[in-house]
Structures are given as C-alpha cells and as structure tokens.
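Source file: data_38.pdb (PDB, C-alpha atoms, pLDDT in the B column)
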```
ATOM      1  CA  MET A   1      12.796  45.879 -90.756  1.00 77.00           C
ATOM      2  CA  ASN A   2      12.148  45.183 -94.445  1.00 95.00           C
ATOM      3  CA  VAL A   3       9.615  47.780 -95.530  1.00 97.00           C
ATOM      4  CA  TYR A   4       8.963  46.423 -99.012  1.00 98.00           C
ATOM      5  CA  ASN A   5       8.487  42.820 -97.921  1.00 98.00           C
ATOM      6  CA  GLU A   6       5.961  44.024 -95.351  1.00 97.00           C
ATOM      7  CA  MET A   7       4.086  45.884 -98.102  1.00 98.00           C
ATOM      8  CA  LEU A   8       4.027  42.758-100.255  1.00 98.00           C
ATOM      9  CA  MET A   9       2.797  40.659 -97.353  1.00 98.00           C
ATOM     10  CA  ALA A  10       0.033  43.161 -96.598  1.00 98.00           C
ATOM     11  CA  ARG A  11      -1.039  43.053-100.242  1.00 97.00           C
ATOM     12  CA  ARG A  12      -1.160  39.252-100.233  1.00 96.00           C
ATOM     13  CA  GLU A  13      -3.182  39.256 -97.020  1.00 97.00           C
ATOM     14  CA  GLY A  14      -5.550  42.005 -98.190  1.00 96.00           C
ATOM     15  CA  ARG A  15      -4.465  44.425 -95.439  1.00 97.00           C
ATOM     16  CA  LYS A  16      -4.702  48.074 -96.418  1.00 98.00           C
ATOM     17  CA  LEU A  17      -1.944  50.481 -95.414  1.00 98.00           C
ATOM     18  CA  LEU A  18      -2.081  54.130 -94.452  1.00 98.00           C
ATOM     19  CA  ALA A  19       0.751  56.667 -94.432  1.00 98.00           C
ATOM     20  CA  ILE A  20       0.778  60.113 -92.848  1.00 98.00           C
ATOM     21  CA  LEU A  21       2.976  62.542 -94.770  1.00 97.00           C
ATOM     22  CA  ILE A  22       4.952  64.908 -92.554  1.00 97.00           C
ATOM     23  CA  ASP A  23       6.458  68.054 -94.111  1.00 94.00           C
ATOM     24  CA  PRO A  24       9.554  69.114 -92.096  1.00 94.00           C
ATOM     25  CA  ASP A  25       8.882  72.781 -92.882  1.00 92.00           C
ATOM     26  CA  LYS A  26       5.452  72.633 -91.261  1.00 92.00           C
ATOM     27  CA  ILE A  27       6.496  71.211 -87.906  1.00 94.00           C
ATOM     28  CA  ASN A  28       5.689  73.150 -84.757  1.00 94.00           C
ATOM     29  CA  TRP A  29       8.478  71.879 -82.553  1.00 95.00           C
ATOM     30  CA  GLU A  30       6.752  73.108 -79.423  1.00 96.00           C
ATOM     31  CA  LEU A  31       3.984  70.598 -80.161  1.00 95.00           C
ATOM     32  CA  ILE A  32       6.122  67.726 -81.444  1.00 96.00           C
ATOM     33  CA  ASP A  33       5.234  65.457 -78.502  1.00 96.00           C
ATOM     34  CA  TYR A  34       1.534  65.991 -79.128  1.00 96.00           C
ATOM     35  CA  LEU A  35       2.076  65.306 -82.850  1.00 96.00           C
ATOM     36  CA  CYS A  36       3.673  61.969 -82.005  1.00 97.00           C
ATOM     37  CA  GLU A  37       0.842  61.222 -79.594  1.00 96.00           C
ATOM     38  CA  ARG A  38      -1.776  61.809 -82.293  1.00 96.00           C
ATOM     39  CA  ILE A  39       0.175  59.711 -84.802  1.00 97.00           C
ATOM     40  CA  CYS A  40       0.352  56.847 -82.307  1.00 96.00           C
ATOM     41  CA  ALA A  41      -3.410  57.114 -81.756  1.00 96.00           C
ATOM     42  CA  SER A  42      -4.121  57.075 -85.506  1.00 97.00           C
ATOM     43  CA  PRO A  43      -4.557  54.016 -87.765  1.00 97.00           C
ATOM     44  CA  ALA A  44      -1.372  54.927 -89.664  1.00 98.00           C
ATOM     45  CA  THR A  45       0.939  52.059 -90.619  1.00 98.00           C
ATOM     46  CA  HIS A  46       3.729  54.196 -92.127  1.00 98.00           C
ATOM     47  CA  LEU A  47       5.145  57.702 -91.939  1.00 98.00           C
ATOM     48  CA  LEU A  48       6.424  59.586 -94.974  1.00 98.00           C
ATOM     49  CA  VAL A  49       8.755  62.525 -94.408  1.00 97.00           C
ATOM     50  CA  GLY A  50       9.504  65.132 -97.053  1.00 94.00           C
ATOM     51  CA  GLY A  51       8.137  67.769 -99.374  1.00 87.00           C
ATOM     52  CA  SER A  52       8.603  69.350-102.768  1.00 81.00           C
ATOM     53  CA  HIS A  53      10.916  71.923-101.213  1.00 78.00           C
ATOM     54  CA  VAL A  54      12.318  71.545 -97.696  1.00 83.00           C
ATOM     55  CA  ALA A  55      14.290  74.326 -96.022  1.00 85.00           C
ATOM     56  CA  SER A  56      14.360  72.856 -92.500  1.00 88.00           C
ATOM     57  CA  GLN A  57      17.778  71.948 -91.119  1.00 91.00           C
ATOM     58  CA  ARG A  58      16.267  69.573 -88.563  1.00 94.00           C
ATOM     59  CA  LEU A  59      15.426  66.619 -90.818  1.00 95.00           C
ATOM     60  CA  ASP A  60      17.563  64.120 -88.897  1.00 95.00           C
ATOM     61  CA  GLU A  61      16.084  65.266 -85.603  1.00 97.00           C
ATOM     62  CA  LEU A  62      12.568  64.949 -86.978  1.00 97.00           C
ATOM     63  CA  VAL A  63      13.153  61.441 -88.313  1.00 97.00           C
ATOM     64  CA  ILE A  64      14.662  60.280 -85.019  1.00 97.00           C
ATOM     65  CA  THR A  65      11.709  61.756 -83.100  1.00 98.00           C
ATOM     66  CA  LEU A  66       9.126  60.166 -85.398  1.00 98.00           C
ATOM     67  CA  LYS A  67      10.752  56.749 -85.091  1.00 97.00           C
ATOM     68  CA  SER A  68       9.596  56.769 -81.476  1.00 96.00           C
ATOM     69  CA  CYS A  69       6.074  56.190 -82.840  1.00 96.00           C
ATOM     70  CA  GLY A  70       7.141  52.652 -83.749  1.00 97.00           C
ATOM     71  CA  LEU A  71       6.164  52.956 -87.425  1.00 98.00           C
ATOM     72  CA  PRO A  72       8.379  52.632 -90.513  1.00 98.00           C
ATOM     73  CA  VAL A  73       9.685  56.106 -91.381  1.00 98.00           C
ATOM     74  CA  ILE A  74      10.194  56.503 -95.133  1.00 98.00           C
ATOM     75  CA  LEU A  75      11.740  59.506 -96.846  1.00 98.00           C
ATOM     76  CA  PHE A  76       9.673  61.121 -99.604  1.00 97.00           C
ATOM     77  CA  PRO A  77      12.294  63.536-100.984  1.00 94.00           C
ATOM     78  CA  GLY A  78      11.916  66.413-103.399  1.00 90.00           C
ATOM     79  CA  ASN A  79      15.665  66.487-104.071  1.00 88.00           C
ATOM     80  CA  PRO A  80      18.917  64.795-102.889  1.00 89.00           C
ATOM     81  CA  SER A  81      19.344  67.208 -99.974  1.00 87.00           C
ATOM     82  CA  GLN A  82      16.347  65.610 -98.247  1.00 93.00           C
ATOM     83  CA  ILE A  83      18.128  62.422 -97.209  1.00 94.00           C
ATOM     84  CA  SER A  84      18.410  61.333 -93.605  1.00 95.00           C
ATOM     85  CA  THR A  85      20.338  58.171 -92.858  1.00 93.00           C
ATOM     86  CA  TYR A  86      18.221  57.683 -89.727  1.00 96.00           C
ATOM     87  CA  ALA A  87      15.100  56.733 -91.699  1.00 97.00           C
ATOM     88  CA  HIS A  88      14.117  53.149 -92.400  1.00 97.00           C
ATOM     89  CA  GLY A  89      13.804  53.640 -96.145  1.00 97.00           C
ATOM     90  CA  ILE A  90      13.440  56.065 -99.030  1.00 98.00           C
ATOM     91  CA  LEU A  91      11.077  56.320-101.979  1.00 98.00           C
ATOM     92  CA  PHE A  92      13.607  56.553-104.815  1.00 98.00           C
ATOM     93  CA  LEU A  93      11.316  58.532-107.081  1.00 97.00           C
ATOM     94  CA  PHE A  94      11.213  58.341-110.880  1.00 97.00           C
ATOM     95  CA  LEU A  95       8.881  61.132-112.061  1.00 97.00           C
ATOM     96  CA  ALA A  96       7.609  59.166-115.029  1.00 98.00           C
ATOM     97  CA  SER A  97       4.726  61.543-115.752  1.00 97.00           C
ATOM     98  CA  GLY A  98       7.104  64.388-116.655  1.00 96.00           C
ATOM     99  CA  ARG A  99      10.004  64.884-119.021  1.00 94.00           C
ATOM    100  CA  ASN A 100      12.254  66.983-116.806  1.00 95.00           C
ATOM    101  CA  PRO A 101      15.624  65.149-116.871  1.00 95.00           C
ATOM    102  CA  ASP A 102      16.454  66.330-113.351  1.00 95.00           C
ATOM    103  CA  PHE A 103      13.560  64.302-111.969  1.00 95.00           C
ATOM    104  CA  LEU A 104      13.992  61.376-114.353  1.00 95.00           C
ATOM    105  CA  ILE A 105      17.681  60.727-113.623  1.00 96.00           C
ATOM    106  CA  GLY A 106      19.552  63.897-112.569  1.00 96.00           C
ATOM    107  CA  HIS A 107      18.631  63.988-108.879  1.00 95.00           C
ATOM    108  CA  GLN A 108      18.933  60.212-108.671  1.00 96.00           C
ATOM    109  CA  VAL A 109      22.544  60.332-109.916  1.00 97.00           C
ATOM    110  CA  LYS A 110      23.415  62.936-107.278  1.00 95.00           C
ATOM    111  CA  ALA A 111      21.816  60.829-104.548  1.00 95.00           C
ATOM    112  CA  ALA A 112      23.336  57.511-105.678  1.00 95.00           C
ATOM    113  CA  PRO A 113      26.720  57.717-103.883  1.00 94.00           C
ATOM    114  CA  VAL A 114      25.047  58.666-100.595  1.00 92.00           C
ATOM    115  CA  LEU A 115      22.419  55.957-100.854  1.00 94.00           C
ATOM    116  CA  ARG A 116      24.940  53.300-101.875  1.00 91.00           C
ATOM    117  CA  SER A 117      27.029  53.943 -98.781  1.00 82.00           C
ATOM    118  CA  GLU A 118      24.167  54.005 -96.307  1.00 84.00           C
ATOM    119  CA  SER A 119      21.813  51.399 -94.879  1.00 88.00           C
ATOM    120  CA  LEU A 120      18.555  52.956 -96.079  1.00 95.00           C
ATOM    121  CA  GLU A 121      16.175  50.540 -97.769  1.00 97.00           C
ATOM    122  CA  ILE A 122      15.741  51.771-101.347  1.00 97.00           C
ATOM    123  CA  LEU A 123      12.199  51.649-102.737  1.00 98.00           C
ATOM    124  CA  PRO A 124      12.277  52.431-106.488  1.00 98.00           C
ATOM    125  CA  THR A 125       8.976  54.213-107.143  1.00 98.00           C
ATOM    126  CA  GLY A 126       7.297  55.135-110.416  1.00 98.00           C
ATOM    127  CA  TYR A 127       5.809  58.524-109.547  1.00 98.00           C
ATOM    128  CA  LEU A 128       2.899  59.771-111.667  1.00 98.00           C
ATOM    129  CA  LEU A 129       1.539  63.269-111.160  1.00 97.00           C
ATOM    130  CA  ILE A 130      -2.136  63.330-112.125  1.00 98.00           C
ATOM    131  CA  GLU A 131      -4.241  66.331-113.147  1.00 96.00           C
ATOM    132  CA  SER A 132      -6.124  67.617-110.095  1.00 93.00           C
ATOM    133  CA  GLY A 133      -7.686  70.952-110.998  1.00 86.00           C
ATOM    134  CA  GLY A 134      -4.893  73.359-110.090  1.00 84.00           C
ATOM    135  CA  ILE A 135      -1.158  73.941-109.870  1.00 88.00           C
ATOM    136  CA  THR A 136       0.356  71.912-107.014  1.00 89.00           C
ATOM    137  CA  ALA A 137       3.730  72.206-105.330  1.00 88.00           C
ATOM    138  CA  VAL A 138       5.013  69.139-107.179  1.00 91.00           C
ATOM    139  CA  GLN A 139       4.121  70.643-110.542  1.00 91.00           C
ATOM    140  CA  TYR A 140       5.687  73.986-109.671  1.00 89.00           C
ATOM    141  CA  VAL A 141       8.952  72.602-108.292  1.00 90.00           C
ATOM    142  CA  SER A 142       9.447  69.857-110.876  1.00 91.00           C
ATOM    143  CA  GLY A 143       8.457  72.004-113.836  1.00 91.00           C
ATOM    144  CA  THR A 144       6.372  69.156-115.223  1.00 93.00           C
ATOM    145  CA  THR A 145       2.779  69.003-116.422  1.00 95.00           C
ATOM    146  CA  PRO A 146       0.397  66.571-114.706  1.00 96.00           C
ATOM    147  CA  MET A 147      -0.991  63.751-116.822  1.00 98.00           C
ATOM    148  CA  PRO A 148      -4.450  64.689-118.171  1.00 97.00           C
ATOM    149  CA  LEU A 149      -7.432  62.634-117.058  1.00 97.00           C
ATOM    150  CA  GLU A 150      -8.837  62.700-120.575  1.00 97.00           C
ATOM    151  CA  ASN A 151      -6.237  60.121-121.587  1.00 97.00           C
ATOM    152  CA  PRO A 152      -6.358  57.384-118.919  1.00 98.00           C
ATOM    153  CA  ALA A 153      -4.761  54.833-121.249  1.00 98.00           C
ATOM    154  CA  ASP A 154      -1.564  56.880-121.272  1.00 98.00           C
ATOM    155  CA  ILE A 155      -1.523  56.934-117.473  1.00 98.00           C
ATOM    156  CA  VAL A 156      -2.087  53.178-117.282  1.00 98.00           C
ATOM    157  CA  ASN A 157       0.603  52.473-119.866  1.00 98.00           C
ATOM    158  CA  THR A 158       3.051  54.724-118.025  1.00 98.00           C
ATOM    159  CA  ALA A 159       2.446  52.780-114.818  1.00 98.00           C
ATOM    160  CA  VAL A 160       2.971  49.492-116.675  1.00 98.00           C
ATOM    161  CA  ALA A 161       6.181  50.824-118.230  1.00 98.00           C
ATOM    162  CA  CYS A 162       7.459  51.745-114.766  1.00 98.00           C
ATOM    163  CA  GLU A 163       6.846  48.206-113.563  1.00 98.00           C
ATOM    164  CA  LEU A 164       8.591  46.742-116.605  1.00 98.00           C
ATOM    165  CA  LEU A 165      11.559  49.046-115.941  1.00 98.00           C
ATOM    166  CA  GLY A 166      11.887  47.522-112.484  1.00 98.00           C
ATOM    167  CA  GLN A 167      10.099  50.006-110.243  1.00 98.00           C
ATOM    168  CA  LYS A 168       8.821  48.312-107.083  1.00 98.00           C
ATOM    169  CA  LEU A 169       5.980  50.733-106.347  1.00 98.00           C
ATOM    170  CA  ILE A 170       3.601  52.932-108.338  1.00 98.00           C
ATOM    171  CA  TYR A 171       2.522  56.202-106.746  1.00 98.00           C
ATOM    172  CA  LEU A 172      -0.477  58.026-108.228  1.00 98.00           C
ATOM    173  CA  GLU A 173      -0.206  61.595-106.941  1.00 97.00           C
ATOM    174  CA  ALA A 174      -2.742  64.398-107.250  1.00 96.00           C
ATOM    175  CA  GLY A 175      -0.309  66.744-105.491  1.00 89.00           C
ATOM    176  CA  SER A 176      -0.091  68.314-102.054  1.00 82.00           C
ATOM    177  CA  GLY A 177      -3.162  70.404-101.367  1.00 76.00           C
ATOM    178  CA  ALA A 178      -4.850  69.236-104.574  1.00 85.00           C
ATOM    179  CA  SER A 179      -8.432  70.395-105.031  1.00 87.00           C
ATOM    180  CA  ARG A 180      -9.519  66.875-105.951  1.00 94.00           C
ATOM    181  CA  PRO A 181      -8.008  63.390-105.504  1.00 96.00           C
ATOM    182  CA  VAL A 182      -7.047  60.826-108.119  1.00 98.00           C
ATOM    183  CA  PRO A 183     -10.371  59.513-109.538  1.00 98.00           C
ATOM    184  CA  VAL A 184     -11.393  56.068-108.330  1.00 98.00           C
ATOM    185  CA  ASN A 185     -11.992  54.813-111.877  1.00 98.00           C
ATOM    186  CA  LEU A 186      -8.368  55.634-112.727  1.00 98.00           C
ATOM    187  CA  ILE A 187      -7.129  53.871-109.606  1.00 98.00           C
ATOM    188  CA  ARG A 188      -9.088  50.786-110.681  1.00 98.00           C
ATOM    189  CA  LYS A 189      -7.601  50.819-114.176  1.00 98.00           C
ATOM    190  CA  VAL A 190      -4.032  51.149-112.934  1.00 98.00           C
ATOM    191  CA  ARG A 191      -4.585  48.484-110.259  1.00 98.00           C
ATOM    192  CA  ALA A 192      -5.859  46.048-112.885  1.00 98.00           C
ATOM    193  CA  ALA A 193      -2.815  46.627-115.084  1.00 98.00           C
ATOM    194  CA  ILE A 194       0.060  46.274-112.595  1.00 98.00           C
ATOM    195  CA  ASN A 195       1.251  43.588-110.188  1.00 98.00           C
ATOM    196  CA  ILE A 196       3.182  45.737-107.706  1.00 98.00           C
ATOM    197  CA  PRO A 197       1.876  47.760-104.717  1.00 98.00           C
ATOM    198  CA  LEU A 198      -0.082  50.887-105.595  1.00 98.00           C
ATOM    199  CA  LEU A 199       0.192  54.084-103.525  1.00 98.00           C
ATOM    200  CA  VAL A 200      -2.351  56.892-103.897  1.00 98.00           C
ATOM    201  CA  GLY A 201      -2.175  60.373-102.416  1.00 97.00           C
ATOM    202  CA  GLY A 202      -3.111  64.011-102.795  1.00 95.00           C
ATOM    203  CA  GLY A 203      -6.489  65.670-102.332  1.00 94.00           C
ATOM    204  CA  ILE A 204      -7.930  63.018-100.002  1.00 96.00           C
ATOM    205  CA  ARG A 205      -9.562  64.922 -97.157  1.00 94.00           C
ATOM    206  CA  SER A 206     -12.019  62.505 -95.552  1.00 95.00           C
ATOM    207  CA  LEU A 207     -12.220  58.989 -94.175  1.00 95.00           C
ATOM    208  CA  GLU A 208     -14.718  58.280 -96.950  1.00 97.00           C
ATOM    209  CA  GLY A 209     -12.098  59.318 -99.493  1.00 97.00           C
ATOM    210  CA  ILE A 210      -9.614  56.908 -97.959  1.00 98.00           C
ATOM    211  CA  GLU A 211     -12.104  54.044 -98.144  1.00 98.00           C
ATOM    212  CA  GLN A 212     -12.964  54.885-101.765  1.00 98.00           C
ATOM    213  CA  ALA A 213      -9.302  54.727-102.734  1.00 98.00           C
ATOM    214  CA  TYR A 214      -8.955  51.377-100.932  1.00 98.00           C
ATOM    215  CA  ASP A 215     -12.047  49.984-102.627  1.00 98.00           C
ATOM    216  CA  ALA A 216     -10.684  51.040-106.011  1.00 98.00           C
ATOM    217  CA  GLY A 217      -7.459  49.115-105.433  1.00 98.00           C
ATOM    218  CA  ALA A 218      -4.992  51.331-103.573  1.00 98.00           C
ATOM    219  CA  ASP A 219      -2.717  49.297-101.322  1.00 98.00           C
ATOM    220  CA  LEU A 220      -1.493  52.327 -99.403  1.00 98.00           C
ATOM    221  CA  VAL A 221      -3.186  55.719 -99.084  1.00 98.00           C
ATOM    222  CA  VAL A 222      -1.200  58.830 -98.176  1.00 98.00           C
ATOM    223  CA  ILE A 223      -2.751  61.589 -96.059  1.00 97.00           C
ATOM    224  CA  GLY A 224      -0.885  64.881 -95.783  1.00 94.00           C
ATOM    225  CA  THR A 225      -2.746  68.194 -95.884  1.00 92.00           C
ATOM    226  CA  ALA A 226      -5.830  66.841 -94.100  1.00 94.00           C
ATOM    227  CA  PHE A 227      -3.706  65.825 -91.109  1.00 95.00           C
ATOM    228  CA  GLU A 228      -1.682  69.054 -91.220  1.00 92.00           C
ATOM    229  CA  ASP A 229      -4.879  71.104 -91.108  1.00 92.00           C
ATOM    230  CA  ASN A 230      -6.452  68.987 -88.379  1.00 93.00           C
ATOM    231  CA  ILE A 231      -4.152  66.956 -86.170  1.00 92.00           C
ATOM    232  CA  ASN A 232      -7.255  65.185 -84.806  1.00 92.00           C
ATOM    233  CA  PHE A 233      -8.339  64.143 -88.306  1.00 94.00           C
ATOM    234  CA  PHE A 234      -8.483  60.453 -87.350  1.00 92.00           C
ATOM    235  CA  ASN A 235     -10.557  60.922 -84.199  1.00 84.00           C
TER     236      ASN A 235
END
```
Representation of the structure as structure tokens:
Amino acid sequence: MNVYNEMLMARREGRKLLAILIDPDKINWELIDYLCERICASPATHLLVGGSHVASQRLDELVITLKSCGLPVILFPGNPSQISTYAHGILFLFLASGRNPDFLIGHQVKAAPVLRSESLEILPTGYLLIESGGITAVQYVSGTTPMPLENPADIVNTAVACELLGQKLIYLEAGSGASRPVPVNLIRKVRAAINIPLLVGGGIRSLEGIEQAYDAGADLVVIGTAFEDNINFFN
C-alpha cells in the first residue's frame, strides 16, 4: 500500500478523501468492536491515530485492531513516543506555524532512527495551526501561537515555503475541539497557491462543513471531535 500515491491519484481524479481521527486516550475498549463497525459503515477513506498528548500504552493494539477496517491507518503523532510500527504510514509533522524548535526539528531528530529502521511510509507534512477562537490542545502542548486570520498572506506564504522545502502534504489545522473551523476563503487561497495535497481539520462538526471544505479545495478532511462525541455522526 502506497498511501501518498493513492492521495495523488485521488487528487488527479477529483476524488475527495475523508479521515477519522482516533485519539488512543479516548478509546472505550469495551466498545472497540462497535467503533470498528461504525468506521466501516462510514464514508471514511483513511484513519488517523494520535493526539497532542497520548498516555495510552495500547497504541500498537489499537492500530492492529483498526487495520481490520481495511483502511490506511496513519499515525498523527504529538511526539516521538507515539510511533507504532504496525501502522501503514506516519504524518512526519513540521509545525511551520510556530517557532518552537522541538516541533520544528527536535522531535523529528529523536524519531529519525526509529523511522529509518522501520517500514512505515513517511509523509512529510507542513503543519499550520490556524487561529480558531480559543486555546486548543495543539497550542497548549506545542507552546506555539496559532497563525492569525488577519494576515492570510502569511499563512499562504508559509504553506508555499513548506512545499518548496519538500513537504509532501499541507495540513491546515484549527485544533482539536476548535470553536470554529479553518475559514473556506483561507482554504481557497492556500489551495490556489500550492500543488500538493491539502488536508484540513479541526472544528468541523457537520456534513455541511465537510462539503464546504471540499468545495474550497481541501483534498482530505479530518473529522475528530464530532465523531468522538457521536459515533453515529455519519448516519
């Protein structure tokens, strides 16, 4: 399975992708079979696994269980401890919106020897945290300030810089549990400026919100909190 090539093919064919984000710390293991059942019944094309801070010691077990859904399972780590070699791939995040050296290169250096020796598909990802009306877990854990909406040119130029630096994906993130999603006009501007797949997540709580992000140019939309709060969200 080549996750990135499949993303590129979907983009060329105009197929929109949808990822459900699963936080290992929020799993009710007594209901794990039902969770997998609802995922299989959803329109999801990918599964992301991770969180800003993960304390669970059952990451490998969770990844193995989720792979039974038949979807690509991609790690979305908050730090190098959140690596499972059982996943199909990993978003190798570069928090370009902040200036915390740990999230620009520090964590990546720590993860490098593990990732080099394993078979995980590496997906270098320019990760941009966007202002969303409140303090999110990403902001708190990373110690970085979200990019203000009043300066969209800076956000667009940061995304372009990530592409020029060799990132394969751009991820516009409002943050887990954000009070509002990334604005559609900003998604359009970033989409028009880059040539690589665009991921958008955070604060999207309705099917209408998903469609709006698609219409604005998102290639893959990430749903996390909405599915956590209502496992039948996609019914």
task: For segment 42-48 of chain A, work out the shell of residues within 12 Å, counting all atoms listed in the file and skipping chain neighbours fewer than 2 positions away, then give it as number ranges by chain.
output: A: 3-4, 6-7, 10, 15-24, 35-40, 50-51, 62-63, 65-77, 87-91, 199, 201, 207, 210, 219-224, 227, 231-235
query: What's the 8 Å shell around Ser52 of chain A, counting all atoms listed in the file, without same-chain residues fewer than 3 positions away, as a PyMOL selection string?
result: chain A and resi 77-79+137-138+141
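If you measure from each of A:Met9, A:Leu169, A:Ile27, A:Ala174 to Gly126 of chain A using only C-alpha atoms, the closest one turns out to be A:Leu169.
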query: How far is it from atom CA of Cys162 of chain A to atom CA of Ser179 of chain A, in Å with one decimal?
result: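 The value is 26.4 Å.
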message: If I take atom CA of Thr144 of chain A and atom CA of Gly98 of chain A, how far is one from the other in Å, to one decimal?
response: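 Distance between the two atoms: 5.0 Å.
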Atom-to-atom span, atom CA of Gly106 of chain A and atom CA of Phe92 of chain A, Å: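 It comes out at 12.2 Å.
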- prompt: Excluding same-chain residues fewer than 4 positions from Ser81 of chain A, what lies within 10 Å of it counting all atoms listed in the file, as an NGL selection string?
  reply: :A and (53-55 or 59 or 77 or 107 or 110-111)
task: Apply the PyMOL selection byres ((chain A and resi 133) around 9) to the structure shown and report the selected residues as a list of chain:residue names.
output: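 Written out, the selection comes to A:Glu131, A:Ser132, A:Gly134, A:Ile135, A:Ala178, A:Ser179, A:Arg180.
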Nearby residues (all atoms listed in the file) at most 12 Å from Met147 of chain A, same-chain spacing under 5 positions excluded, as a list in words: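 Final neighbour list, sorted by chain and number: Leu95, Ala96, Ser97, Gly98, Arg99, Tyr127, Leu128, Leu129, Ile130, Glu131, Ser132, Gly133, Gln139, Pro152, Ala153, Asp154, Ile155, Val156, Asn157, Thr158, Ala159, Leu172, Glu173, Ala174, Gly175, Val182 and Leu186 of chain A.
Among the candidates A:Glu163, A:Glu30, A:Glu61, A:Glu228, the one nearest to Asn195 of chain A when counting only C-alpha atoms is A:Glu163.
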Please write out, as AutoDock Vina command-line options, where the centre of an axis-aligned box around all listed atoms of segment 13-19 of chain A lies and how long its edges are, in Å to one decimal, after adding 3 Å on each side.
```
--center_x -2.4 --center_y 48.0 --center_z -96.3 --size_x 12.3 --size_y 23.4 --size_z 9.8
```
